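Participant: Sharing input-v4.cif, mmCIF, C-alpha atoms:
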data_run
loop_
_atom_site.label_atom_id
_atom_site.label_comp_id
_atom_site.auth_asym_id
_atom_site.auth_seq_id
_atom_site.Cartn_x
_atom_site.Cartn_y
_atom_site.Cartn_z
CA MET A 1 78.35 86.22 115.92
CA ILE A 2 76.07 89.22 115.81
CA HIS A 3 72.99 89.22 118.00
CA ASP A 4 69.73 89.82 116.12
CA PHE A 5 68.25 93.29 116.38
CA ASN A 6 65.38 95.29 114.98
CA TYR A 7 66.62 97.71 112.35
CA LEU A 8 65.02 101.15 112.12
CA ARG A 9 66.03 103.71 109.54
CA ALA A 10 65.50 107.41 110.28
CA SER A 11 65.80 110.16 107.72
CA THR A 12 65.31 113.29 109.84
CA VAL A 13 66.38 114.46 113.30
CA LYS A 14 62.76 114.57 114.38
CA GLU A 15 62.18 111.00 113.28
CA THR A 16 65.34 109.91 115.09
CA LEU A 17 64.36 111.64 118.33
CA ASP A 18 60.88 110.08 118.19
CA LEU A 19 62.38 106.63 117.69
CA ILE A 20 64.89 107.17 120.49
CA ASP A 21 62.11 108.28 122.79
CA LYS A 22 60.01 105.25 121.92
CA TYR A 23 62.78 102.66 122.28
CA LYS A 24 64.96 104.38 124.87
CA ASP A 25 65.23 101.31 127.07
CA ASP A 26 67.18 99.22 124.62
CA TYR A 27 68.54 100.90 121.54
CA LYS A 28 71.79 102.00 119.96
CA ILE A 29 72.42 104.55 117.25
CA ILE A 30 74.35 103.48 114.18
CA CYS A 31 75.69 105.95 111.66
CA GLY A 32 78.90 104.87 109.96
CA GLY A 33 79.04 101.95 112.37
CA GLN A 34 82.84 101.84 112.35
CA SER A 35 82.84 101.59 116.15
CA ILE A 36 79.45 100.18 117.10
CA LEU A 37 79.72 97.21 114.73
CA ILE A 38 82.95 96.14 116.43
CA LEU A 39 81.19 96.18 119.81
CA VAL A 40 78.12 94.41 118.44
CA ARG A 41 80.25 91.75 116.77
CA GLN A 42 82.15 91.08 119.98
CA GLY A 43 78.88 90.82 121.88
CA LEU A 44 79.83 93.74 124.12
CA VAL A 45 76.55 95.42 123.28
CA ALA A 46 73.40 93.65 122.10
CA PRO A 47 70.72 96.27 121.52
CA GLU A 48 67.15 95.24 120.78
CA TYR A 49 66.82 98.17 118.37
CA LEU A 50 69.43 99.66 116.09
CA ILE A 51 68.47 103.11 114.83
CA ASP A 52 70.28 104.02 111.62
CA ILE A 53 70.92 107.76 111.12
CA LYS A 54 73.27 107.43 108.13
CA ASN A 55 70.59 109.01 105.94
CA VAL A 56 69.88 111.96 108.22
CA GLN A 57 71.20 114.45 105.70
CA GLU A 58 70.29 117.53 107.69
CA LEU A 59 73.20 116.63 110.01
CA ASP A 60 75.68 116.29 107.16
CA TYR A 61 77.27 119.72 106.88
CA ILE A 62 80.34 121.85 107.51
CA ASN A 63 79.61 125.53 108.10
CA PHE A 64 82.02 128.32 108.82
CA ASP A 65 81.32 131.84 109.95
CA LYS A 66 84.03 134.37 110.83
CA LYS A 67 82.24 135.30 114.05
CA LYS A 68 80.57 132.08 115.09
CA GLY A 69 83.30 129.69 114.05
CA LEU A 70 83.01 126.19 112.68
CA LYS A 71 80.02 123.88 112.92
CA ILE A 72 80.17 120.27 111.84
CA GLY A 73 77.02 118.13 111.72
CA ALA A 74 77.16 114.76 113.46
CA THR A 75 76.71 112.61 110.35
CA THR A 76 79.56 114.32 108.46
CA THR A 77 82.15 111.71 107.52
CA HIS A 78 85.83 111.95 108.43
CA ARG A 79 86.64 112.08 104.74
CA GLU A 80 84.36 115.07 104.18
CA ILE A 81 86.15 116.96 106.96
CA GLU A 82 89.54 116.04 105.55
CA LYS A 83 88.57 117.14 102.03
CA SER A 84 86.79 120.35 103.05
CA THR A 85 88.44 123.47 101.63
CA LEU A 86 86.89 125.51 104.45
CA ILE A 87 88.56 123.36 107.07
CA LYS A 88 91.84 123.27 105.19
CA LYS A 89 91.88 127.05 105.14
CA HIS A 90 90.84 127.78 108.71
CA TYR A 91 91.56 124.63 110.75
CA ASN A 92 94.37 122.78 109.03
CA VAL A 93 95.18 120.80 112.19
CA LEU A 94 91.89 118.95 111.63
CA VAL A 95 92.97 117.87 108.14
CA ASP A 96 96.17 116.38 109.58
CA MET A 97 94.23 114.70 112.35
CA GLU A 98 91.68 113.20 109.96
CA GLU A 99 94.24 111.97 107.45
CA ASN A 100 95.90 109.93 110.18
CA LEU A 101 92.74 108.86 111.98
CA ALA A 102 92.21 105.47 110.33
CA SER A 103 92.26 103.78 106.93
CA ILE A 104 90.57 105.59 104.03
CA GLN A 105 87.89 102.89 104.14
CA THR A 106 86.98 103.83 107.71
CA ARG A 107 87.23 107.56 107.05
CA ASN A 108 84.88 107.24 104.08
CA TRP A 109 82.05 105.71 106.09
CA GLY A 110 82.73 106.67 109.72
CA THR A 111 81.33 109.93 111.05
CA ILE A 112 82.49 112.62 113.43
CA GLY A 113 79.41 112.28 115.63
CA GLY A 114 79.88 108.53 115.90
CA ASN A 115 83.51 108.91 116.83
CA LEU A 116 82.70 111.33 119.67
CA ALA A 117 79.68 109.43 120.95
CA HIS A 118 81.72 106.20 121.03
CA ALA A 119 83.96 107.98 123.57
CA ASP A 120 87.04 105.87 123.14
CA PRO A 121 89.79 107.75 125.03
CA ALA A 122 92.13 106.80 122.19
CA GLY A 123 89.98 108.60 119.62
CA ASP A 124 91.72 111.42 117.73
CA PRO A 125 89.03 114.12 117.43
CA GLY A 126 88.42 114.36 121.20
CA PRO A 127 91.79 115.83 122.24
CA VAL A 128 92.03 118.14 119.23
CA PHE A 129 88.51 119.50 119.62
CA ILE A 130 88.99 120.01 123.37
CA ALA A 131 92.21 121.90 122.65
CA MET A 132 90.06 124.09 120.38
CA ASN A 133 87.53 124.59 123.20
CA ALA A 134 84.79 122.86 121.20
CA ALA A 135 81.24 122.32 122.36
CA VAL A 136 78.60 119.83 121.28
CA LYS A 137 74.94 120.40 120.57
CA ILE A 138 72.66 117.71 121.92
CA ALA A 139 68.89 117.31 121.67
CA ASN A 140 66.03 115.24 122.95
CA LYS A 141 62.41 115.42 121.83
CA GLU A 142 61.76 118.47 123.98
CA LYS A 143 64.83 120.64 123.83
CA GLU A 144 68.38 121.26 122.73
CA ARG A 145 71.37 121.88 124.95
CA THR A 146 75.01 122.76 124.43
CA LEU A 147 77.81 121.29 126.44
CA LEU A 148 81.57 121.81 126.38
CA LEU A 149 83.20 118.77 124.84
CA GLU A 150 85.47 118.38 127.86
CA GLU A 151 82.34 117.85 129.94
CA PHE A 152 80.85 115.43 127.41
CA PHE A 153 83.26 112.56 128.08
CA MET A 154 82.52 110.82 131.39
CA ASP A 155 84.47 107.56 131.39
CA TYR A 156 85.66 104.81 129.06
CA PHE A 157 82.99 104.66 126.33
CA GLU A 158 80.63 106.79 128.42
CA THR A 159 79.30 110.24 127.60
CA ALA A 160 76.96 112.80 129.13
CA LEU A 161 74.27 111.83 126.60
CA GLU A 162 71.03 110.82 128.33
CA ASP A 163 69.10 107.83 126.99
CA ASP A 164 66.72 110.06 125.06
CA GLU A 165 69.38 112.34 123.58
CA LEU A 166 71.16 112.56 120.26
CA LEU A 167 74.42 114.31 119.41
CA LEU A 168 73.69 116.85 116.66
CA GLU A 169 76.72 119.04 116.08
CA VAL A 170 80.27 119.94 117.06
CA GLN A 171 80.94 123.66 117.47
CA ILE A 172 84.38 125.16 117.35
CA PRO A 173 84.69 128.79 118.38
CA VAL A 174 86.87 131.23 116.49
CA ALA A 175 90.33 131.17 117.98
CA SER A 176 92.39 134.25 118.69
CA SER A 177 94.56 135.29 115.76
CA LYS A 178 97.56 134.41 117.90
CA THR A 179 96.56 130.83 118.68
CA ALA A 180 98.05 127.73 117.09
CA ILE A 181 97.24 124.08 117.67
CA ALA A 182 99.40 121.02 117.18
CA TYR A 183 98.44 117.37 117.47
CA GLU A 184 100.33 114.14 117.16
CA LYS A 185 99.74 110.56 118.10
CA PHE A 186 102.28 107.86 118.64
CA ASN A 187 101.52 104.50 117.09
CA ILE A 188 103.30 101.49 115.66
CA ILE A 189 101.16 101.06 112.55
CA GLU A 190 100.46 104.25 110.66
CA ASN A 191 96.83 105.38 110.81
CA ASP A 192 96.15 102.95 113.63
CA GLN A 193 94.77 104.04 116.96
CA GLY A 194 97.23 106.06 119.01
CA ILE A 195 99.08 104.50 121.94
CA VAL A 196 99.20 108.02 123.33
CA SER A 197 98.34 111.31 121.68
CA VAL A 198 98.74 114.94 122.69
CA ALA A 199 97.07 118.10 121.42
CA ALA A 200 98.45 121.48 122.46
CA SER A 201 96.95 124.89 121.88
CA ILE A 202 99.13 127.92 122.53
CA THR A 203 98.06 131.55 122.44
CA VAL A 204 100.92 134.03 122.53
CA ASP A 205 100.84 137.53 123.94
CA GLY A 206 100.98 140.72 121.88
CA ASP A 207 104.77 140.68 121.92
CA GLY A 208 104.68 137.15 120.48
CA LEU A 209 107.15 135.99 123.09
CA SER A 210 105.21 134.93 126.16
CA CYS A 211 102.32 132.52 126.50
CA LYS A 212 98.93 134.03 127.18
CA ASP A 213 96.88 130.87 127.25
CA ALA A 214 97.59 127.17 126.88
CA ARG A 215 95.70 123.93 126.56
CA ILE A 216 97.24 120.50 126.70
CA VAL A 217 94.94 117.55 126.06
CA LEU A 218 96.02 113.94 126.36
CA GLY A 219 94.55 111.06 124.38
CA ALA A 220 94.70 107.39 125.46
CA ALA A 221 96.33 108.54 128.69
CA ALA A 222 93.28 108.31 130.96
CA SER A 223 89.67 107.09 130.84
CA ILE A 224 88.71 110.18 128.85
CA PRO A 225 90.58 112.70 126.68
CA MET A 226 91.96 114.72 129.60
CA ARG A 227 93.39 118.18 130.02
CA ALA A 228 96.69 118.39 131.85
CA LYS A 229 95.61 121.54 133.65
CA GLU A 230 98.58 121.93 135.96
CA ALA A 231 100.94 121.64 133.04
CA GLU A 232 98.89 124.25 131.16
CA GLN A 233 99.16 126.67 134.10
CA MET A 234 102.94 126.35 134.17
CA LEU A 235 103.05 127.90 130.71
CA VAL A 236 100.85 130.93 131.21
CA GLY A 237 102.85 134.15 131.38
CA LYS A 238 106.11 132.38 130.60
CA LYS A 239 108.56 132.62 127.75
CA LEU A 240 109.40 129.41 126.00
CA ASN A 241 112.68 127.70 126.77
CA ASP A 242 113.88 124.13 127.10
CA ARG A 243 113.69 124.18 130.88
CA ILE A 244 110.02 125.11 130.87
CA LEU A 245 109.32 122.49 128.22
CA ASP A 246 110.94 119.79 130.34
CA LYS A 247 108.93 120.79 133.40
CA VAL A 248 105.66 120.96 131.48
CA GLY A 249 106.27 117.55 129.94
CA GLU A 250 107.02 116.06 133.34
CA LYS A 251 103.95 117.64 134.91
CA ALA A 252 101.65 116.37 132.15
CA SER A 253 103.13 112.92 132.58
CA GLU A 254 102.36 113.05 136.32
CA GLU A 255 98.81 114.22 135.70
CA ALA A 256 98.08 111.45 133.21
CA ASP A 257 96.38 108.30 134.44
CA PRO A 258 97.18 105.71 131.80
CA VAL A 259 96.55 101.97 131.85
CA ASP A 260 98.82 99.02 131.29
CA ASP A 261 97.55 97.04 128.35
CA ILE A 262 98.57 94.96 125.37
CA HIS A 263 99.75 98.05 123.47
CA ALA A 264 101.96 99.65 126.13
CA THR A 265 102.77 99.69 129.82
CA GLU A 266 101.70 102.52 132.07
CA MET A 267 105.29 103.69 132.40
CA TYR A 268 105.82 103.72 128.67
CA ARG A 269 102.66 105.75 128.19
CA ARG A 270 103.80 108.28 130.80
CA HIS A 271 107.07 108.57 128.96
CA LEU A 272 105.20 109.17 125.69
CA VAL A 273 103.01 111.83 127.32
CA LYS A 274 106.13 113.64 128.42
CA SER A 275 107.85 113.53 125.03
CA LEU A 276 104.75 114.36 122.99
CA THR A 277 103.72 117.19 125.31
CA LYS A 278 107.12 118.83 124.94
CA ARG A 279 107.05 118.34 121.20
CA MET A 280 103.49 119.62 120.70
CA VAL A 281 103.86 122.66 122.98
CA LYS A 282 107.02 123.62 121.15
CA LYS A 283 105.40 123.13 117.76
CA ALA A 284 102.23 125.07 118.61
CA TRP A 285 104.26 127.82 120.22
CA GLY A 286 106.45 128.15 117.14
CA GLN A 287 103.39 128.36 114.91
CA ALA A 288 101.65 130.87 117.17
CA LYS A 289 104.77 133.03 117.22
CA ALA A 290 104.91 133.00 113.44
CA LEU A 291 101.33 134.32 113.39
CA SER A 292 102.17 137.46 115.34
CA MET B 1 63.97 88.19 113.39
CA GLU B 2 61.96 89.57 110.51
CA LYS B 3 63.79 89.80 107.23
CA LYS B 4 63.92 93.16 105.53
CA LEU B 5 63.95 94.17 101.90
CA LEU B 6 67.28 95.35 100.53
CA ARG B 7 67.60 96.83 97.05
CA LEU B 8 71.05 97.45 95.70
CA THR B 9 73.03 97.41 92.48
CA VAL B 10 76.17 95.31 92.42
CA ASN B 11 78.47 95.52 89.41
CA ASP B 12 75.67 97.12 87.37
CA GLU B 13 73.22 94.35 88.25
CA TYR B 14 70.14 95.27 90.27
CA HIS B 15 69.13 92.99 93.16
CA GLU B 16 66.19 92.82 95.53
CA LEU B 17 66.57 90.45 98.41
CA TYR B 18 65.27 89.80 101.89
CA ILE B 19 67.90 89.65 104.60
CA LYS B 20 68.22 89.66 108.34
CA PRO B 21 69.13 93.26 109.31
CA LYS B 22 72.25 92.04 111.12
CA LYS B 23 73.83 90.86 107.87
CA LEU B 24 77.01 92.64 106.91
CA LEU B 25 77.63 93.78 103.37
CA VAL B 26 80.39 91.18 102.93
CA GLU B 27 77.96 88.42 103.93
CA VAL B 28 75.34 89.55 101.44
CA LEU B 29 77.90 89.80 98.65
CA ARG B 30 79.44 86.40 99.30
CA ASP B 31 76.69 84.29 100.80
CA GLU B 32 73.56 85.71 99.15
CA LEU B 33 74.90 86.87 95.78
CA GLY B 34 77.72 84.35 95.44
CA LEU B 35 80.33 87.02 94.71
CA THR B 36 83.20 85.35 96.52
CA GLY B 37 85.88 87.54 94.96
CA THR B 38 85.51 89.81 97.98
CA LYS B 39 87.37 88.04 100.77
CA ARG B 40 86.56 87.86 104.43
CA GLY B 41 89.82 88.47 106.29
CA CYS B 42 90.06 89.59 109.88
CA ASN B 43 86.32 90.30 110.08
CA THR B 44 87.06 93.00 112.64
CA GLY B 45 87.77 95.96 110.38
CA ALA B 46 91.54 95.79 110.63
CA CYS B 47 92.80 94.33 107.33
CA CYS B 48 90.78 95.89 104.47
CA VAL B 49 90.80 92.60 102.52
CA CYS B 50 87.02 92.97 102.12
CA THR B 51 87.24 96.44 100.51
CA VAL B 52 84.54 97.24 97.96
CA LEU B 53 83.33 100.45 96.33
CA LEU B 54 80.12 101.82 97.81
CA ASN B 55 78.84 104.65 95.63
CA GLY B 56 82.38 105.05 94.34
CA SER B 57 84.11 105.21 97.73
CA VAL B 58 86.16 102.45 99.32
CA VAL B 59 84.63 100.88 102.43
CA LYS B 60 85.26 97.70 104.38
CA SER B 61 82.34 95.44 103.56
CA CYS B 62 82.80 93.65 106.91
CA SER B 63 82.18 96.96 108.67
CA VAL B 64 79.09 98.14 106.84
CA LEU B 65 75.62 96.80 107.56
CA ALA B 66 74.16 95.51 104.33
CA MET B 67 71.00 97.49 105.06
CA GLN B 68 73.07 100.65 104.73
CA ALA B 69 73.71 99.79 101.09
CA GLU B 70 70.01 100.32 100.32
CA GLY B 71 69.75 102.00 96.93
CA ALA B 72 73.53 102.08 96.58
CA ASP B 73 75.90 101.11 93.78
CA VAL B 74 78.43 98.52 94.86
CA THR B 75 81.47 97.47 92.85
CA THR B 76 83.35 94.33 93.79
CA VAL B 77 86.45 92.84 92.15
CA GLU B 78 84.14 90.88 89.81
CA GLY B 79 83.00 94.22 88.40
CA LEU B 80 86.45 95.40 87.35
CA ALA B 81 86.91 93.24 84.26
CA ASP B 82 84.89 93.96 81.15
CA GLU B 83 83.60 90.47 80.27
CA ALA B 84 86.80 88.47 79.80
CA LYS B 85 88.91 91.59 79.37
CA LEU B 86 90.88 92.40 82.49
CA SER B 87 91.11 95.99 83.69
CA PRO B 88 94.44 97.79 83.27
CA LEU B 89 95.13 97.35 86.98
CA GLN B 90 94.40 93.63 86.86
CA LEU B 91 96.76 93.21 83.88
CA SER B 92 99.45 95.26 85.55
CA PHE B 93 99.14 93.23 88.77
CA LEU B 94 99.74 90.09 86.67
CA ASP B 95 102.75 91.58 84.87
CA HIS B 96 104.33 92.84 88.08
CA GLY B 97 103.84 89.71 90.14
CA ALA B 98 101.58 91.66 92.46
CA TYR B 99 99.18 88.78 93.10
CA GLN B 100 101.30 86.42 95.20
CA CYS B 101 98.91 84.39 97.39
CA GLY B 102 95.99 86.45 96.10
CA PHE B 103 94.14 86.92 99.34
CA CYS B 104 94.55 90.69 99.60
CA THR B 105 94.33 91.20 95.84
CA SER B 106 90.66 92.02 95.45
CA GLY B 107 90.89 94.65 98.18
CA MET B 108 94.12 96.05 96.72
CA LEU B 109 92.60 96.25 93.24
CA ILE B 110 89.53 98.05 94.55
CA SER B 111 91.59 100.53 96.58
CA ALA B 112 93.84 101.20 93.58
CA THR B 113 90.82 101.60 91.29
CA ALA B 114 89.38 104.23 93.65
CA LEU B 115 92.73 106.02 93.80
CA LEU B 116 93.12 106.27 90.02
CA GLU B 117 89.52 107.37 89.68
CA GLU B 118 90.17 110.26 92.07
CA ASN B 119 93.76 111.00 91.09
CA PRO B 120 94.87 109.65 87.69
CA SER B 121 98.51 110.63 88.19
CA PRO B 122 99.40 109.74 91.78
CA THR B 123 102.86 109.92 93.29
CA ILE B 124 104.36 106.87 95.00
CA GLU B 125 103.37 108.54 98.27
CA ASN B 126 99.73 108.86 97.11
CA ILE B 127 99.75 105.19 96.10
CA LYS B 128 101.10 104.14 99.49
CA GLU B 129 98.45 106.22 101.23
CA SER B 130 95.68 104.68 99.14
CA ILE B 131 96.56 101.13 100.21
CA GLN B 132 97.67 102.02 103.72
CA GLY B 133 94.85 100.08 105.33
CA ASN B 134 95.12 97.09 102.98
CA ILE B 135 97.27 94.45 104.62
CA CYS B 136 99.18 91.99 102.41
CA ARG B 137 100.15 88.90 104.36
CA CYS B 138 102.86 88.07 101.81
CA THR B 139 104.26 91.57 102.39
CA GLY B 140 104.34 92.02 98.62
CA TYR B 141 103.78 95.75 98.81
CA ASN B 142 106.57 96.83 96.48
CA SER B 143 105.28 94.87 93.51
CA ILE B 144 101.75 96.12 94.21
CA ILE B 145 102.98 99.72 94.28
CA ARG B 146 104.93 99.17 91.04
CA ALA B 147 101.85 97.67 89.40
CA ILE B 148 99.68 100.66 90.33
CA LYS B 149 102.39 103.12 89.29
CA ALA B 150 102.69 101.47 85.87
CA VAL B 151 98.98 102.00 85.20
CA ALA B 152 99.21 105.58 86.43
CA GLU B 153 102.07 106.16 84.01
CA GLY B 154 99.81 105.10 81.15
CA LYS B 155 101.54 101.83 80.32
CA TYR B 156 98.23 99.99 80.04
CA LYS B 157 96.30 102.59 78.12
CA GLU B 158 95.68 100.50 75.01
CA SER B 159 93.95 97.81 77.02
CA LYS B 160 91.29 100.32 78.05
CA GLN B 161 89.75 100.28 74.54
#
Please render this file's structure as structure tokens.
Facilitator:
Amino acid sequence: MIHDFNYLRASTVKETLDLIDKYKDDYKIICGGQSILILVRQGLVAPEYLIDIKNVQELDYINFDKKKGLKIGATTTHREIEKSTLIKKHYNVLVDMEENLASIQTRNWGTIGGNLAHADPAGDPGPVFIAMNAAVKIANKEKERTLLLEEFFMDYFETALEDDELLLEVQIPVASSKTAIAYEKFNIIENDQGIVSVAASITVDGDGLSCKDARIVLGAAASIPMRAKEAEQMLVGKKLNDRILDKVGEKASEEADPVDDIHATEMYRRHLVKSLTKRMVKKAWGQAKALS
Amino acid sequence: MEKKLLRLTVNDEYHELYIKPKKLLVEVLRDELGLTGTKRGCNTGACCVCTVLLNGSVVKSCSVLAMQAEGADVTTVEGLADEAKLSPLQLSFLDHGAYQCGFCTSGMLISATALLEENPSPTIENIKESIQGNICRCTGYNSIIRAIKAVAEGKYKESKQ
């Protein structure tokens, strides 16, 4: 049973920010609604005002610049990202991620901004974007600010967005020409939410043999998409071999802070973190090596 | 709560109606417009039984606020047949025993319609991907896939006339 709410439709960012400012005590944003409607239906949130930004077309874009990188507007749908030739060419890992994110029905209507603002630690874009060192652009009526995505997620379903702020854009910097990213989630039903997921970004050195920089980001393994920073450090300066992989997997598994729930036990999730970390580091490393 | 005006076109028919903003698209289609071909399944966005075309793209009508269909073109399973003439997919589903209990059928037909619109000659893999979210409680997937494949292979071309 859905609680009644006042429905307000915005068509520009300015209009949205004015509405947010006016109703900031008791509102929620809806765009594709693929997450918020589930919460509303279950009575977990019951906003007095629902502000619809689905028609805010100025936030529906994918831009790429060789120097500035990729910018995706918040109301861009998952399907648009997946079908974008720009993204396919420069950020193919995002195509893979989107194709497995949910059913086509959800990808057609759900948006990238909504997914991030929902802040479900099991969401797919979070870990991949953090592995890419992404930032988000946020605005209120007065000003804009930019924040690293890894600082955007605060807790289960909680973000750094203030009550008067709106998420505008995801920004992905240009990666080094020797960086590769791999992402995989483990699930029982294809295209369902991941039980655990891991994104790994590996930058190799000039010789192509040793690791210059690494990022390992875990999904559904803590209250937020989290970096396994100690595991990352173990890779820097090293050459890849099975022993290192084992150690890195084990370290990431220790760093994770997963829950026991209906989908998996804590122990099982730790085991998955270990296996997926090894697999993703190896995959990204192989791809990075092939680049040099 | 004040009712709001919603204008939308469903199966080429234009409607103006006043609804509570909390109404979902599936509720408007079934309860307001009487188009009960679209089924309400899990009602949580997990089964895709309620799939309809919204401006040509598949969406779950249980997971879209009806107000978001303002000005949109919606196609439900009732819009697939041309008068009494079934669409090629509907005929093929009959021939291949792809209906079984029938509960997932309208969603399957809509998903398959969208697939063939976008990609007229899909592989089996493409077909599987297109109905990945659509759950069939009879588990009759193979006959559904065969039915879609048959249309893609042009076996129902004459019925398009």
Participant: Could you give me, as JSON lines, a per-residue list for chain B showing, wherever an atom lies at most 7 Å from an atom of chain A, the closest pair of atoms and their distance in Å to one decimal, using all atoms listed in the file and sorting by chain then residue number from low to high?
Facilitator:
{"residue": "B:Met1", "atom": "CA", "partner": "A:Asp4", "partner_atom": "CA", "distance": 6.6}
{"residue": "B:Pro21", "atom": "CA", "partner": "A:Tyr7", "partner_atom": "CA", "distance": 5.9}
{"residue": "B:Lys22", "atom": "CA", "partner": "A:Asp4", "partner_atom": "CA", "distance": 6.0}
{"residue": "B:Thr44", "atom": "CA", "partner": "A:Ile38", "partner_atom": "CA", "distance": 6.4}
{"residue": "B:Ser57", "atom": "CA", "partner": "A:Asn108", "partner_atom": "CA", "distance": 6.7}
{"residue": "B:Val58", "atom": "CA", "partner": "A:Gln105", "partner_atom": "CA", "distance": 5.1}
{"residue": "B:Val59", "atom": "CA", "partner": "A:Gln105", "partner_atom": "CA", "distance": 4.2}
{"residue": "B:Lys60", "atom": "CA", "partner": "A:Gln105", "partner_atom": "CA", "distance": 5.8}
{"residue": "B:Ser63", "atom": "CA", "partner": "A:Gln34", "partner_atom": "CA", "distance": 6.1}
{"residue": "B:Val64", "atom": "CA", "partner": "A:Gly33", "partner_atom": "CA", "distance": 6.7}
{"residue": "B:Gln132", "atom": "CA", "partner": "A:Ser103", "partner_atom": "CA", "distance": 6.5}
{"residue": "B:Gly133", "atom": "CA", "partner": "A:Ser103", "partner_atom": "CA", "distance": 4.8}
Participant: Using only C-alpha atoms, please write the residues we just selected to a file, as an mmCIF file, keeping the file's coordinate frame.
Facilitator:
data_model
loop_
_atom_site.group_PDB
_atom_site.id
_atom_site.type_symbol
_atom_site.label_atom_id
_atom_site.label_comp_id
_atom_site.auth_asym_id
_atom_site.auth_seq_id
_atom_site.Cartn_x
_atom_site.Cartn_y
_atom_site.Cartn_z
ATOM 1 C CA MET B 1 63.970 88.190 113.390
ATOM 2 C CA PRO B 21 69.130 93.260 109.310
ATOM 3 C CA LYS B 22 72.250 92.040 111.120
ATOM 4 C CA THR B 44 87.060 93.000 112.640
ATOM 5 C CA SER B 57 84.110 105.210 97.730
ATOM 6 C CA VAL B 58 86.160 102.450 99.320
ATOM 7 C CA VAL B 59 84.630 100.880 102.430
ATOM 8 C CA LYS B 60 85.260 97.700 104.380
ATOM 9 C CA SER B 63 82.180 96.960 108.670
ATOM 10 C CA VAL B 64 79.090 98.140 106.840
ATOM 11 C CA GLN B 132 97.670 102.020 103.720
ATOM 12 C CA GLY B 133 94.850 100.080 105.330
#
Participant: Could you tell me which residues the PyMOL selection byres ((chain A and resi 162) around 12) grabs in this file, written as a count of residues only?
Facilitator: 21
Participant: Given the file shown, determine the residues that the PyMOL selection byres ((chain B and resi 93) around 9) selects; report them as JSON, numbers by chain.
Facilitator: {"B": [88, 89, 90, 91, 92, 94, 95, 96, 97, 98, 99, 105, 109, 143, 144, 146, 147, 148]}
Participant: Skipping near chain neighbours, those fewer than 3 positions away, what residues fall within 6 Å of segment 26-29 of chain B using only C-alpha atoms, listed as an MDAnalysis selection string?
Facilitator: chainID B and resid 32:33 35 61:62
Participant: For atom CA of Glu78 of chain B and atom CA of Asn11 of chain B, determine how far apart the two atoms are, in Å to one decimal place.
Facilitator: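 Interatomic distance here is 7.3 Å.
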Participant: Apply the PyMOL selection byres ((chain A and resi 132) around 10) to the file shown and report the selected residues as a ChimeraX atom specification.
Facilitator: /A:91,126-131,133-135,149,171-175,179-181,199-201,215,217
Participant: Which residue gives the smallest distance to Leu24 of chain B among B:Cys42, B:Leu6, B:Val52, B:Ala66, with all atoms listed in the file counted?
Facilitator: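 Of all the options, B:Ala66 lies closest to Leu24 of chain B.
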Participant: Name all residues at most 8 Å from Gly107 of chain B (count all atoms listed in the file; drop same-chain ones fewer than 4 positions away) and give them as a list in words.
Facilitator: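 Near neighbours after the sequence-gap exclusion: Thr38, Lys39, Cys48, Val49, Cys50, Thr51, Val52, Val77, Ser111 and Asn134 of chain B.
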Participant: Have a look at atom CA of Ala222 of chain A and atom CA of Glu169 of chain A and let me know their distance in Å, one decimal.
Facilitator: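 It comes out at 24.7 Å.
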Participant: I'd like the neighbourhood of Lys229 of chain A as a list of chain:residue names, where a residue qualifies if any of its atoms comes within 9 Å (using all atoms listed in the file), though same-chain residues fewer than 2 positions away should be ignored.
Facilitator: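 That gives A:Arg215, A:Ile216, A:Val217, A:Met226, A:Arg227, A:Ala231, A:Glu232, A:Gln233, A:Met234, A:Ala252, A:Glu255.
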Participant: Find the spatial neighbours of segment 257-260 of chain A, counting all atoms listed in the file, within a cut-off of 10 Å - ignore same-chain residues fewer than 2 positions away - and output them as a list in words.
Facilitator: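 The residues that qualify are Val196, Leu218, Gly219, Ala220, Ala221, Ala222, Ser223, Ile224, Met226, Ala252, Ser253, Glu254, Glu255, Ile262, His263, Ala264, Thr265, Glu266, Met267, Tyr268, Arg269, Arg270 and Val273 of chain A.
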Participant: Excluding same-chain residues fewer than 4 positions from segment 275-282 of chain A, what lies within 7 Å of it counting all atoms listed in the file, as a count of residues only?
Facilitator: 10
Participant: Ranking B:Ala152, B:Ala81, B:Ala69, B:Val74 by minimum distance to Lys23 of chain B and counting all atoms listed in the file, which one comes first?
Facilitator: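 Checking each candidate against Lys23 of chain B, we get B:Ala69 as the closest.
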Participant: So the first atom is atom CA of Ile145 of chain B and the second is atom CA of Leu80 of chain B; what is the distance between them in Å, to one decimal place?
Facilitator: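 Computing the Euclidean distance for atom CA of Ile145 of chain B and atom CA of Leu80 of chain B yields 18.4 Å.
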Participant: Anything within 9 Å of (87.9, 106.8, 115.3): list those residues as a ChimeraX atom specification, counting only C-alpha atoms and sticking to the file's coordinates.
Facilitator: /A:34-35,78,101-102,106-107,110-112,114-116,118,120,122-125,193
Participant: Smallest atom-to-atom distance to Met67 of chain B: which of B:Leu53, B:Leu115, B:Met108, B:Leu25, using only C-alpha atoms?
Facilitator: B:Leu25
